[in-house]
file final24.pdb (PDB, C-alpha atoms)
MODEL        1
ATOM      1  CA  MET A  10       9.540 -52.887  -4.445
ATOM      2  CA  HIS A  11       7.311 -54.775  -2.004
ATOM      3  CA  ARG A  12       4.307 -52.641  -2.983
ATOM      4  CA  GLU A  13       4.967 -53.126  -6.704
ATOM      5  CA  ARG A  14       5.124 -56.920  -6.357
ATOM      6  CA  ALA A  15       1.995 -56.975  -4.221
ATOM      7  CA  ALA A  16       0.193 -54.751  -6.751
ATOM      8  CA  VAL A  17       1.091 -57.095  -9.636
ATOM      9  CA  LEU A  18      -0.234 -60.123  -7.785
ATOM     10  CA  LYS A  19      -3.365 -58.290  -6.596
ATOM     11  CA  THR A  20      -4.205 -57.515 -10.214
ATOM     12  CA  LEU A  21      -3.773 -61.181 -11.166
ATOM     13  CA  LEU A  22      -5.832 -62.358  -8.179
ATOM     14  CA  GLY A  23      -8.574 -59.906  -9.095
ATOM     15  CA  ARG A  24      -8.777 -61.313 -12.621
ATOM     16  CA  LYS A  25      -8.933 -64.892 -11.364
ATOM     17  CA  ARG A  26     -11.074 -64.198  -8.268
ATOM     18  CA  ASP A  27     -14.083 -66.321  -9.222
ATOM     19  CA  GLU A  28     -11.952 -69.283 -10.259
ATOM     20  CA  ILE A  29      -9.876 -69.144  -7.073
ATOM     21  CA  VAL A  30     -12.909 -68.742  -4.802
ATOM     22  CA  ARG A  31     -14.594 -71.738  -6.465
ATOM     23  CA  GLY A  32     -11.456 -73.838  -6.099
ATOM     24  CA  TRP A  33     -11.009 -72.823  -2.471
ATOM     25  CA  PHE A  34     -14.654 -73.606  -1.720
ATOM     26  CA  ARG A  35     -14.208 -77.114  -3.135
ATOM     27  CA  ALA A  36     -11.010 -77.556  -1.084
ATOM     28  CA  ALA A  37     -12.926 -76.515   2.048
ATOM     29  CA  LEU A  38     -15.474 -79.276   1.367
ATOM     30  CA  ASP A  39     -12.826 -82.022   1.250
ATOM     31  CA  ILE A  40     -13.437 -82.989   4.882
ATOM     32  CA  TYR A  41     -17.068 -83.941   4.194
ATOM     33  CA  PRO A  42     -18.365 -87.231   2.756
ATOM     34  CA  GLU A  43     -18.085 -87.290  -1.035
ATOM     35  CA  ASN A  44     -21.801 -87.886  -1.531
ATOM     36  CA  MET A  45     -22.630 -84.647   0.370
ATOM     37  CA  VAL A  46     -20.311 -82.341  -1.588
ATOM     38  CA  PRO A  47     -22.609 -81.811  -4.640
ATOM     39  CA  PHE A  48     -25.441 -80.790  -2.305
ATOM     40  CA  TYR A  49     -23.232 -78.316  -0.408
ATOM     41  CA  GLU A  50     -22.057 -76.859  -3.733
ATOM     42  CA  LYS A  51     -25.401 -76.525  -5.507
ATOM     43  CA  GLU A  52     -28.098 -75.870  -2.877
ATOM     44  CA  LYS A  53     -28.383 -72.089  -2.455
ATOM     45  CA  ASP A  54     -31.133 -72.005   0.200
ATOM     46  CA  PRO A  55     -29.383 -71.119   3.502
ATOM     47  CA  PHE A  56     -32.062 -72.928   5.534
ATOM     48  CA  ALA A  57     -31.736 -76.138   3.535
ATOM     49  CA  ASN A  58     -27.950 -75.886   3.283
ATOM     50  CA  PRO A  59     -26.518 -73.963   6.276
ATOM     51  CA  VAL A  60     -23.113 -75.671   5.978
ATOM     52  CA  GLY A  61     -22.551 -74.857   2.301
ATOM     53  CA  THR A  62     -23.896 -71.316   2.718
ATOM     54  CA  ALA A  63     -21.653 -70.602   5.716
ATOM     55  CA  ILE A  64     -18.561 -71.911   3.929
ATOM     56  CA  SER A  65     -19.299 -70.137   0.643
ATOM     57  CA  GLY A  66     -19.946 -66.741   2.250
ATOM     58  CA  GLY A  67     -16.982 -67.130   4.579
ATOM     59  CA  ILE A  68     -14.607 -68.083   1.773
ATOM     60  CA  GLU A  69     -15.546 -65.055  -0.333
ATOM     61  CA  GLY A  70     -15.117 -62.662   2.591
ATOM     62  CA  LEU A  71     -11.780 -64.187   3.611
ATOM     63  CA  PHE A  72     -10.403 -64.007   0.087
ATOM     64  CA  ASP A  73     -11.369 -60.362  -0.372
ATOM     65  CA  ALA A  74      -9.912 -59.433   3.046
ATOM     66  CA  LEU A  75      -6.680 -61.262   2.190
ATOM     67  CA  VAL A  76      -6.237 -59.578  -1.193
ATOM     68  CA  SER A  77      -6.931 -56.131   0.258
ATOM     69  CA  GLU A  78      -4.301 -56.819   2.967
ATOM     70  CA  ALA A  79      -6.861 -56.135   5.682
ATOM     71  CA  PRO A  80      -5.724 -56.488   9.318
ATOM     72  CA  PRO A  81      -6.203 -59.943  10.906
ATOM     73  CA  GLY A  82      -9.285 -58.726  12.795
ATOM     74  CA  ALA A  83     -11.104 -58.424   9.466
ATOM     75  CA  TYR A  84     -10.950 -62.221   9.099
ATOM     76  CA  LEU A  85     -12.901 -62.909  12.293
ATOM     77  CA  PRO A  86     -16.545 -62.587  11.107
ATOM     78  CA  TYR A  87     -15.836 -64.849   8.119
ATOM     79  CA  LEU A  88     -13.891 -67.400  10.171
ATOM     80  CA  ASP A  89     -16.795 -67.405  12.645
ATOM     81  CA  ARG A  90     -19.211 -68.437   9.893
ATOM     82  CA  ILE A  91     -17.149 -71.447   8.865
ATOM     83  CA  LEU A  92     -15.616 -72.602  12.133
ATOM     84  CA  GLN A  93     -18.720 -72.357  14.295
ATOM     85  CA  VAL A  94     -20.351 -75.014  12.115
ATOM     86  CA  ARG A  95     -17.228 -77.210  12.105
ATOM     87  CA  CYS A  96     -16.878 -77.010  15.864
ATOM     88  CA  VAL A  97     -20.480 -78.142  16.404
ATOM     89  CA  GLN A  98     -19.761 -81.017  13.997
ATOM     90  CA  ASP A  99     -16.856 -82.004  16.316
ATOM     91  CA  ILE A 100     -14.228 -81.850  13.566
ATOM     92  CA  PRO A 101     -10.632 -81.872  14.935
ATOM     93  CA  ALA A 102      -8.883 -78.484  14.813
ATOM     94  CA  SER A 103      -6.216 -79.630  12.329
ATOM     95  CA  ARG A 104      -8.865 -80.715   9.806
ATOM     96  CA  ALA A 105     -11.199 -77.817  10.548
ATOM     97  CA  ILE A 106      -8.663 -75.140   9.605
ATOM     98  CA  TRP A 107      -6.699 -77.014   6.927
ATOM     99  CA  PHE A 108      -8.764 -75.386   4.171
ATOM    100  CA  ILE A 109      -6.897 -72.129   4.847
ATOM    101  CA  PHE A 110      -3.535 -73.647   3.939
ATOM    102  CA  ALA A 111      -5.164 -75.245   0.886
ATOM    103  CA  LEU A 112      -5.613 -71.742  -0.542
ATOM    104  CA  LYS A 113      -1.876 -71.624  -1.305
ATOM    105  CA  GLY A 114      -2.192 -74.538  -3.724
ATOM    106  CA  VAL A 115      -5.395 -73.151  -5.247
ATOM    107  CA  ILE A 116      -3.689 -69.827  -6.003
ATOM    108  CA  ARG A 117      -0.563 -71.479  -7.404
ATOM    109  CA  ASN A 118      -2.684 -73.657  -9.714
ATOM    110  CA  ALA A 119      -4.824 -70.748 -10.899
ATOM    111  CA  LEU A 120      -1.771 -68.555 -11.578
ATOM    112  CA  ALA A 121       0.577 -71.259 -12.888
ATOM    113  CA  ASP A 122       1.371 -69.360 -16.117
ATOM    114  CA  GLU A 123       1.542 -65.910 -14.526
ATOM    115  CA  LEU A 124       3.975 -67.010 -11.806
ATOM    116  CA  ALA A 125       6.746 -67.104 -14.403
ATOM    117  CA  HIS A 126       6.915 -63.323 -13.828
ATOM    118  CA  PRO A 127       9.380 -62.525 -10.962
ATOM    119  CA  ALA A 128       7.185 -59.713  -9.615
ATOM    120  CA  ALA A 129       4.267 -62.115  -9.288
ATOM    121  CA  VAL A 130       6.403 -64.584  -7.325
ATOM    122  CA  GLY A 131       7.444 -61.842  -4.903
ATOM    123  CA  GLY A 132       3.814 -60.857  -4.424
ATOM    124  CA  LEU A 133       2.894 -64.495  -3.852
ATOM    125  CA  LEU A 134       5.206 -64.629  -0.839
ATOM    126  CA  VAL A 135       3.386 -61.632   0.627
ATOM    127  CA  ILE A 136      -0.008 -63.273   0.073
ATOM    128  CA  GLU A 137       1.149 -66.591   1.543
ATOM    129  CA  SER A 138       2.364 -64.776   4.645
ATOM    130  CA  GLY A 139      -1.145 -63.329   4.952
ATOM    131  CA  ILE A 140      -2.594 -66.847   4.630
ATOM    132  CA  ASP A 141      -0.400 -67.968   7.545
ATOM    133  CA  ARG A 142      -1.710 -65.078   9.679
ATOM    134  CA  MET A 143      -5.254 -66.065   8.728
ATOM    135  CA  ALA A 144      -4.587 -69.646   9.866
ATOM    136  CA  ALA A 145      -3.307 -68.397  13.232
ATOM    137  CA  CYS A 146      -6.539 -66.405  13.694
ATOM    138  CA  ALA A 147      -8.570 -69.452  12.679
ATOM    139  CA  PHE A 148      -6.901 -71.616  15.312
ATOM    140  CA  ASP A 149      -7.722 -69.049  18.034
ATOM    141  CA  VAL A 150     -11.346 -68.808  16.872
ATOM    142  CA  TYR A 151     -11.748 -72.586  16.777
ATOM    143  CA  ALA A 152     -10.136 -73.038  20.203
ATOM    144  CA  GLY A 153     -12.537 -70.449  21.610
ATOM    145  CA  TYR A 154     -15.559 -72.332  20.280
ATOM    146  CA  ARG A 155     -14.239 -75.645  21.635
ATOM    147  CA  THR A 156     -13.871 -74.075  25.086
ATOM    148  CA  LYS A 157     -17.448 -72.758  24.977
ATOM    149  CA  ILE A 158     -18.823 -76.138  23.933
ATOM    150  CA  ALA A 159     -16.863 -77.876  26.711
ATOM    151  CA  GLU A 160     -18.323 -75.430  29.263
ATOM    152  CA  ILE A 161     -21.856 -76.049  27.970
ATOM    153  CA  ARG A 162     -21.362 -79.831  28.274
ATOM    154  CA  VAL A 163     -20.030 -79.542  31.837
ATOM    155  CA  ASN A 164     -23.020 -77.386  32.819
ATOM    156  CA  GLU A 165     -25.414 -79.905  31.234
ATOM    157  CA  ILE A 166     -23.826 -82.762  33.199
ATOM    158  CA  ARG A 167     -24.057 -80.776  36.450
ATOM    159  CA  SER A 168     -27.701 -80.039  35.769
ATOM    160  CA  ARG A 169     -28.470 -83.724  35.085
ATOM    161  CA  VAL A 170     -26.677 -84.885  38.234
ATOM    162  CA  SER A 171     -28.541 -82.309  40.314
ATOM    163  CA  THR A 172     -31.881 -83.386  38.806
ATOM    164  CA  LEU A 173     -31.115 -87.075  39.450
ATOM    165  CA  ALA A 174     -30.215 -86.327  43.071
ATOM    166  CA  ARG A 175     -33.525 -84.517  43.618
ATOM    167  CA  MET A 176     -35.494 -87.293  41.893
ATOM    168  CA  SER A 177     -33.751 -89.867  44.084
ATOM    169  CA  LYS A 178     -34.849 -88.019  47.227
ATOM    170  CA  ILE A 179     -38.451 -87.836  46.001
ATOM    171  CA  ARG A 180     -38.553 -91.525  45.112
ATOM    172  CA  TYR A 181     -36.558 -93.099  47.917
ATOM    173  CA  GLY A 182     -36.656 -90.468  50.652
ATOM    174  CA  GLY A 183     -33.640 -89.554  52.691
ATOM    175  CA  PRO A 184     -31.415 -86.493  52.477
ATOM    176  CA  GLU A 185     -30.994 -84.703  49.183
ATOM    177  CA  ILE A 186     -27.426 -84.841  47.901
ATOM    178  CA  ASP A 187     -25.938 -81.623  46.584
ATOM    179  CA  PRO A 188     -23.603 -82.621  43.683
ATOM    180  CA  GLU A 189     -21.674 -79.352  44.100
ATOM    181  CA  ARG A 190     -20.710 -80.141  47.712
ATOM    182  CA  LYS A 191     -18.360 -82.830  48.944
ATOM    183  CA  ASP A 192     -19.287 -82.658  52.631
ATOM    184  CA  GLY A 193     -22.570 -84.546  52.550
ATOM    185  CA  PRO A 194     -26.283 -83.935  52.170
ATOM    186  CA  ILE A 195     -28.023 -80.600  51.876
ATOM    187  CA  GLU A 196     -28.959 -79.227  55.293
ATOM    188  CA  PRO A 197     -32.729 -79.226  55.931
ATOM    189  CA  THR A 198     -34.313 -75.770  55.782
ATOM    190  CA  PRO A 199     -36.694 -74.760  58.629
ATOM    191  CA  ALA A 200     -40.083 -73.543  57.384
ATOM    192  CA  SER A 201     -41.784 -70.441  58.754
ATOM    193  CA  ASP A 202     -44.101 -72.601  60.937
ATOM    194  CA  GLY A 203     -41.134 -74.273  62.652
ATOM    195  CA  SER A 204     -41.305 -77.566  60.739
ATOM    196  CA  VAL A 205     -38.347 -78.858  58.748
ATOM    197  CA  ARG A 206     -38.434 -79.114  54.951
TER     198      ARG A 206
ENDMDL
END

call {"tool": "encode", "arguments": {"input": "final24.pdb", "output": "structure tokens"}}
result
Amino acid sequence: MHRERAAVLKTLLGRKRDEIVRGWFRAALDIYPENMVPFYEKEKDPFANPVGTAISGGIEGLFDALVSEAPPGAYLPYLDRILQVRCVQDIPASRAIWFIFALKGVIRNALADELAHPAAVGGLLVIESGIDRMAACAFDVYAGYRTKIAEIRVNEIRSRVSTLARMSKIRYGGPEIDPERKDGPIEPTPASDGSVR
């Protein structure tokens, strides 16, 4: 019974694929300023429009993986495309992954007439469960990128502090302060000729 319902809905989703993908793409652009949306939709050059290209390609791959009932791991390369960009743009996690839940409404709107059929409704529940699994994967992917960015920022700050400490020694003299140590200045290093550096 489960397979029959899923098969009915898969057929319907296949017929309406282009319409659903377009609607989902527009829903994914809702977090951006309204004046930028037409550019993201229409510009096909990936160098001129990396955001729109990443979202468009990711949306198509996610939809096809969902309809084919692929395992959650199949979502990862497509989620990477979309969420890597959103993480760099510093979009909060709740807004960054909300487009996944928006797919439920897009599908219901596209299949409004067909959902009068009981088998289609049963299949819809299966698909919506898959959408929830996709959202869980998306949250993990986004959290991973946020952690990486936080680590990069901490390393940049450490590097700047270390550079400032060395510049301070050059300009004002005195012991060089090691920002990684809490017990005072860096010990002077004896040179090969016996002098102290």

call {"tool": "resolve_selection", "arguments": {"input": "final24.pdb", "expression": "the PyMOL selection byres ((chain A and resi 139) around 10)", "output": "ChimeraX atom specification"}}
result
/A:74-76,78-81,133-138,140-145

call {"tool": "write_last_selection", "arguments": {"input": "final24.pdb", "atoms": "C-alpha atoms", "output": "PDB file, in the coordinates of the input"}}
result
ATOM      1  CA  ALA A  74      -9.912 -59.433   3.046  1.00  0.00           C
ATOM      2  CA  LEU A  75      -6.680 -61.262   2.190  1.00  0.00           C
ATOM      3  CA  VAL A  76      -6.237 -59.578  -1.193  1.00  0.00           C
ATOM      4  CA  GLU A  78      -4.301 -56.819   2.967  1.00  0.00           C
ATOM      5  CA  ALA A  79      -6.861 -56.135   5.682  1.00  0.00           C
ATOM      6  CA  PRO A  80      -5.724 -56.488   9.318  1.00  0.00           C
ATOM      7  CA  PRO A  81      -6.203 -59.943  10.906  1.00  0.00           C
ATOM      8  CA  LEU A 133       2.894 -64.495  -3.852  1.00  0.00           C
ATOM      9  CA  LEU A 134       5.206 -64.629  -0.839  1.00  0.00           C
ATOM     10  CA  VAL A 135       3.386 -61.632   0.627  1.00  0.00           C
ATOM     11  CA  ILE A 136      -0.008 -63.273   0.073  1.00  0.00           C
ATOM     12  CA  GLU A 137       1.149 -66.591   1.543  1.00  0.00           C
ATOM     13  CA  SER A 138       2.364 -64.776   4.645  1.00  0.00           C
ATOM     14  CA  ILE A 140      -2.594 -66.847   4.630  1.00  0.00           C
ATOM     15  CA  ASP A 141      -0.400 -67.968   7.545  1.00  0.00           C
ATOM     16  CA  ARG A 142      -1.710 -65.078   9.679  1.00  0.00           C
ATOM     17  CA  MET A 143      -5.254 -66.065   8.728  1.00  0.00           C
ATOM     18  CA  ALA A 144      -4.587 -69.646   9.866  1.00  0.00           C
ATOM     19  CA  ALA A 145      -3.307 -68.397  13.232  1.00  0.00           C
TER      20      ALA A 145
END

call {"tool": "resolve_selection", "arguments": {"input": "final24.pdb", "expression": "the PyMOL selection byres ((chain A and resi 150) around 9)", "output": "MDAnalysis selection string"}}
result
chainID A and resid 85 88:89 92:93 145:149 151:155

call {"tool": "resolve_selection", "arguments": {"input": "final24.pdb", "expression": "the PyMOL selection byres ((chain A and resi 120) around 12)", "output": "list in words"}}
result
Val17, Leu18, Lys19, Thr20, Leu21, Leu22, Gly23, Arg24, Lys25, Arg26, Glu28, Ile29, Lys113, Gly114, Val115, Ile116, Arg117, Asn118, Ala119, Ala121, Asp122, Glu123, Leu124, Ala125, His126, Ala129, Val130, Gly132 and Leu133 of chain A

call {"tool": "closest_atom_pairs", "arguments": {"input": "final24.pdb", "of": "range 74-139 of chain A", "to": "range 57-67 of chain A", "cutoff": "7 Å", "atoms": "only C-alpha atoms", "output": "CSV"}}
result
residue,atom,partner,partner_atom,distance
A:Tyr87,CA,A:Gly67,CA,4.4
A:Leu88,CA,A:Gly67,CA,6.4
A:Arg90,CA,A:Ala63,CA,5.3
A:Ile91,CA,A:Ile64,CA,5.2
A:Val94,CA,A:Val60,CA,6.8

call {"tool": "atom_distance", "arguments": {"input": "final24.pdb", "atom1": "CA of Lys157 in chain A", "atom2": "CA of Asp99 in chain A"}}
result
12.7 Å

call {"tool": "atom_distance", "arguments": {"input": "final24.pdb", "atom1": "CA of Lys53 in chain A", "atom2": "CA of Phe34 in chain A"}}
result
13.8 Å

call {"tool": "residues_near_point", "arguments": {"input": "final24.pdb", "point": "(-7.9, -80.5, 8.8)", "cutoff": "12 Å", "atoms": "only C-alpha atoms", "output": "NGL selection string"}}
result
:A and (36-41 or 92 or 95-96 or 99-111 or 144 or 147-148 or 151)

call {"tool": "closest_residue", "arguments": {"input": "final24.pdb", "among": "A:Leu112, A:Val97, A:Glu43, A:Val170", "to": "Ile158 in chain A", "atoms": "only C-alpha atoms"}}
result
A:Val97

call {"tool": "atom_distance", "arguments": {"input": "final24.pdb", "atom1": "CA of Ala83 in chain A", "atom2": "CA of Val30 in chain A"}}
result
17.7 Å

call {"tool": "axis_aligned_box", "arguments": {"input": "final24.pdb", "around": "range 150-159 of chain A", "padding_each_side": "3 Å", "output": "AutoDock Vina command-line options"}}
result
--center_x -14.5 --center_y -73.3 --center_z 21.7 --size_x 14.7 --size_y 15.1 --size_z 15.9

call {"tool": "decode", "arguments": {"input": "final24.pdb", "residues": "range 44-79 of chain A", "atoms": "N, CA and C atoms", "output": "mmCIF file, in the first residue's frame"}}
result
data_model
loop_
_atom_site.group_PDB
_atom_site.id
_atom_site.type_symbol
_atom_site.label_atom_id
_atom_site.label_comp_id
_atom_site.auth_asym_id
_atom_site.auth_seq_id
_atom_site.Cartn_x
_atom_site.Cartn_y
_atom_site.Cartn_z
ATOM 1 N N ASN A 44 14.864 43.549 -4.558
ATOM 2 C CA ASN A 44 15.446 44.085 -5.794
ATOM 3 C C ASN A 44 16.522 43.169 -6.387
ATOM 4 N N MET A 45 17.033 42.190 -5.581
ATOM 5 C CA MET A 45 18.058 41.276 -6.080
ATOM 6 C C MET A 45 17.465 40.006 -6.694
ATOM 7 N N VAL A 46 16.232 39.693 -6.352
ATOM 8 C CA VAL A 46 15.619 38.431 -6.776
ATOM 9 C C VAL A 46 15.568 38.280 -8.301
ATOM 10 N N PRO A 47 15.138 39.290 -9.076
ATOM 11 C CA PRO A 47 15.118 39.123 -10.537
ATOM 12 C C PRO A 47 16.491 38.786 -11.114
ATOM 13 N N PHE A 48 17.547 39.389 -10.546
ATOM 14 C CA PHE A 48 18.896 39.092 -11.026
ATOM 15 C C PHE A 48 19.252 37.634 -10.733
ATOM 16 N N TYR A 49 18.995 37.175 -9.511
ATOM 17 C CA TYR A 49 19.297 35.790 -9.148
ATOM 18 C C TYR A 49 18.519 34.800 -10.018
ATOM 19 N N GLU A 50 17.308 35.181 -10.415
ATOM 20 C CA GLU A 50 16.473 34.293 -11.232
ATOM 21 C C GLU A 50 16.934 34.238 -12.685
ATOM 22 N N LYS A 51 17.334 35.375 -13.241
ATOM 23 C CA LYS A 51 17.536 35.461 -14.688
ATOM 24 C C LYS A 51 18.977 35.299 -15.138
ATOM 25 N N GLU A 52 19.944 35.737 -14.345
ATOM 26 C CA GLU A 52 21.352 35.686 -14.761
ATOM 27 C C GLU A 52 21.866 34.247 -14.700
ATOM 28 N N LYS A 53 22.264 33.706 -15.842
ATOM 29 C CA LYS A 53 22.670 32.300 -15.925
ATOM 30 C C LYS A 53 24.182 32.101 -15.817
ATOM 31 N N ASP A 54 24.964 33.176 -15.902
ATOM 32 C CA ASP A 54 26.415 33.066 -15.821
ATOM 33 C C ASP A 54 26.814 32.785 -14.365
ATOM 34 N N PRO A 55 27.427 31.610 -14.090
ATOM 35 C CA PRO A 55 27.771 31.270 -12.709
ATOM 36 C C PRO A 55 28.801 32.210 -12.076
ATOM 37 N N PHE A 56 29.624 32.866 -12.905
ATOM 38 C CA PHE A 56 30.613 33.796 -12.356
ATOM 39 C C PHE A 56 29.955 35.124 -11.969
ATOM 40 N N ALA A 57 28.992 35.544 -12.768
ATOM 41 C CA ALA A 57 28.276 36.785 -12.465
ATOM 42 C C ALA A 57 27.243 36.576 -11.363
ATOM 43 N N ASN A 58 26.708 35.365 -11.277
ATOM 44 C CA ASN A 58 25.610 35.089 -10.348
ATOM 45 C C ASN A 58 25.864 33.784 -9.577
ATOM 46 N N PRO A 59 26.897 33.743 -8.723
ATOM 47 C CA PRO A 59 27.188 32.498 -8.003
ATOM 48 C C PRO A 59 26.082 32.089 -7.039
ATOM 49 N N VAL A 60 25.383 33.065 -6.456
ATOM 50 C CA VAL A 60 24.317 32.749 -5.495
ATOM 51 C C VAL A 60 23.154 32.064 -6.202
ATOM 52 N N GLY A 61 22.638 32.686 -7.259
ATOM 53 C CA GLY A 61 21.515 32.113 -7.993
ATOM 54 C C GLY A 61 21.844 30.765 -8.601
ATOM 55 N N THR A 62 23.068 30.626 -9.136
ATOM 56 C CA THR A 62 23.488 29.364 -9.744
ATOM 57 C C THR A 62 23.568 28.251 -8.706
ATOM 58 N N ALA A 63 24.136 28.566 -7.545
ATOM 59 C CA ALA A 63 24.261 27.560 -6.477
ATOM 60 C C ALA A 63 22.884 27.099 -5.997
ATOM 61 N N ILE A 64 21.968 28.053 -5.825
ATOM 62 C CA ILE A 64 20.634 27.703 -5.344
ATOM 63 C C ILE A 64 19.873 26.904 -6.393
ATOM 64 N N SER A 65 19.924 27.339 -7.640
ATOM 65 C CA SER A 65 19.191 26.664 -8.710
ATOM 66 C C SER A 65 19.655 25.214 -8.880
ATOM 67 N N GLY A 66 20.974 25.024 -8.978
ATOM 68 C CA GLY A 66 21.507 23.667 -9.141
ATOM 69 C C GLY A 66 21.224 22.800 -7.921
ATOM 70 N N GLY A 67 21.347 23.396 -6.738
ATOM 71 C CA GLY A 67 21.080 22.649 -5.515
ATOM 72 C C GLY A 67 19.636 22.227 -5.391
ATOM 73 N N ILE A 68 18.734 23.129 -5.740
ATOM 74 C CA ILE A 68 17.289 22.839 -5.666
ATOM 75 C C ILE A 68 16.917 21.679 -6.596
ATOM 76 N N GLU A 69 17.413 21.701 -7.808
ATOM 77 C CA GLU A 69 17.092 20.627 -8.757
ATOM 78 C C GLU A 69 17.587 19.285 -8.243
ATOM 79 N N GLY A 70 18.835 19.257 -7.760
ATOM 80 C CA GLY A 70 19.398 18.005 -7.249
ATOM 81 C C GLY A 70 18.650 17.496 -6.026
ATOM 82 N N LEU A 71 18.284 18.394 -5.125
ATOM 83 C CA LEU A 71 17.546 17.997 -3.923
ATOM 84 C C LEU A 71 16.173 17.424 -4.278
ATOM 85 N N PHE A 72 15.500 18.080 -5.212
ATOM 86 C CA PHE A 72 14.166 17.609 -5.587
ATOM 87 C C PHE A 72 14.232 16.207 -6.196
ATOM 88 N N ASP A 73 15.172 16.003 -7.104
ATOM 89 C CA ASP A 73 15.287 14.693 -7.750
ATOM 90 C C ASP A 73 15.662 13.608 -6.733
ATOM 91 N N ALA A 74 16.549 13.936 -5.788
ATOM 92 C CA ALA A 74 16.932 12.964 -4.754
ATOM 93 C C ALA A 74 15.738 12.639 -3.858
ATOM 94 N N LEU A 75 14.936 13.646 -3.551
ATOM 95 C CA LEU A 75 13.755 13.443 -2.705
ATOM 96 C C LEU A 75 12.739 12.529 -3.383
ATOM 97 N N VAL A 76 12.447 12.804 -4.636
ATOM 98 C CA VAL A 76 11.431 12.033 -5.367
ATOM 99 C C VAL A 76 11.882 10.587 -5.579
ATOM 100 N N SER A 77 13.177 10.388 -5.751
ATOM 101 C CA SER A 77 13.679 9.021 -5.953
ATOM 102 C C SER A 77 13.883 8.285 -4.636
ATOM 103 N N GLU A 78 13.531 8.954 -3.509
ATOM 104 C CA GLU A 78 13.680 8.374 -2.171
ATOM 105 C C GLU A 78 15.114 7.928 -1.912
ATOM 106 N N ALA A 79 16.050 8.779 -2.337
ATOM 107 C CA ALA A 79 17.472 8.509 -2.108
ATOM 108 C C ALA A 79 17.777 8.599 -0.615
#
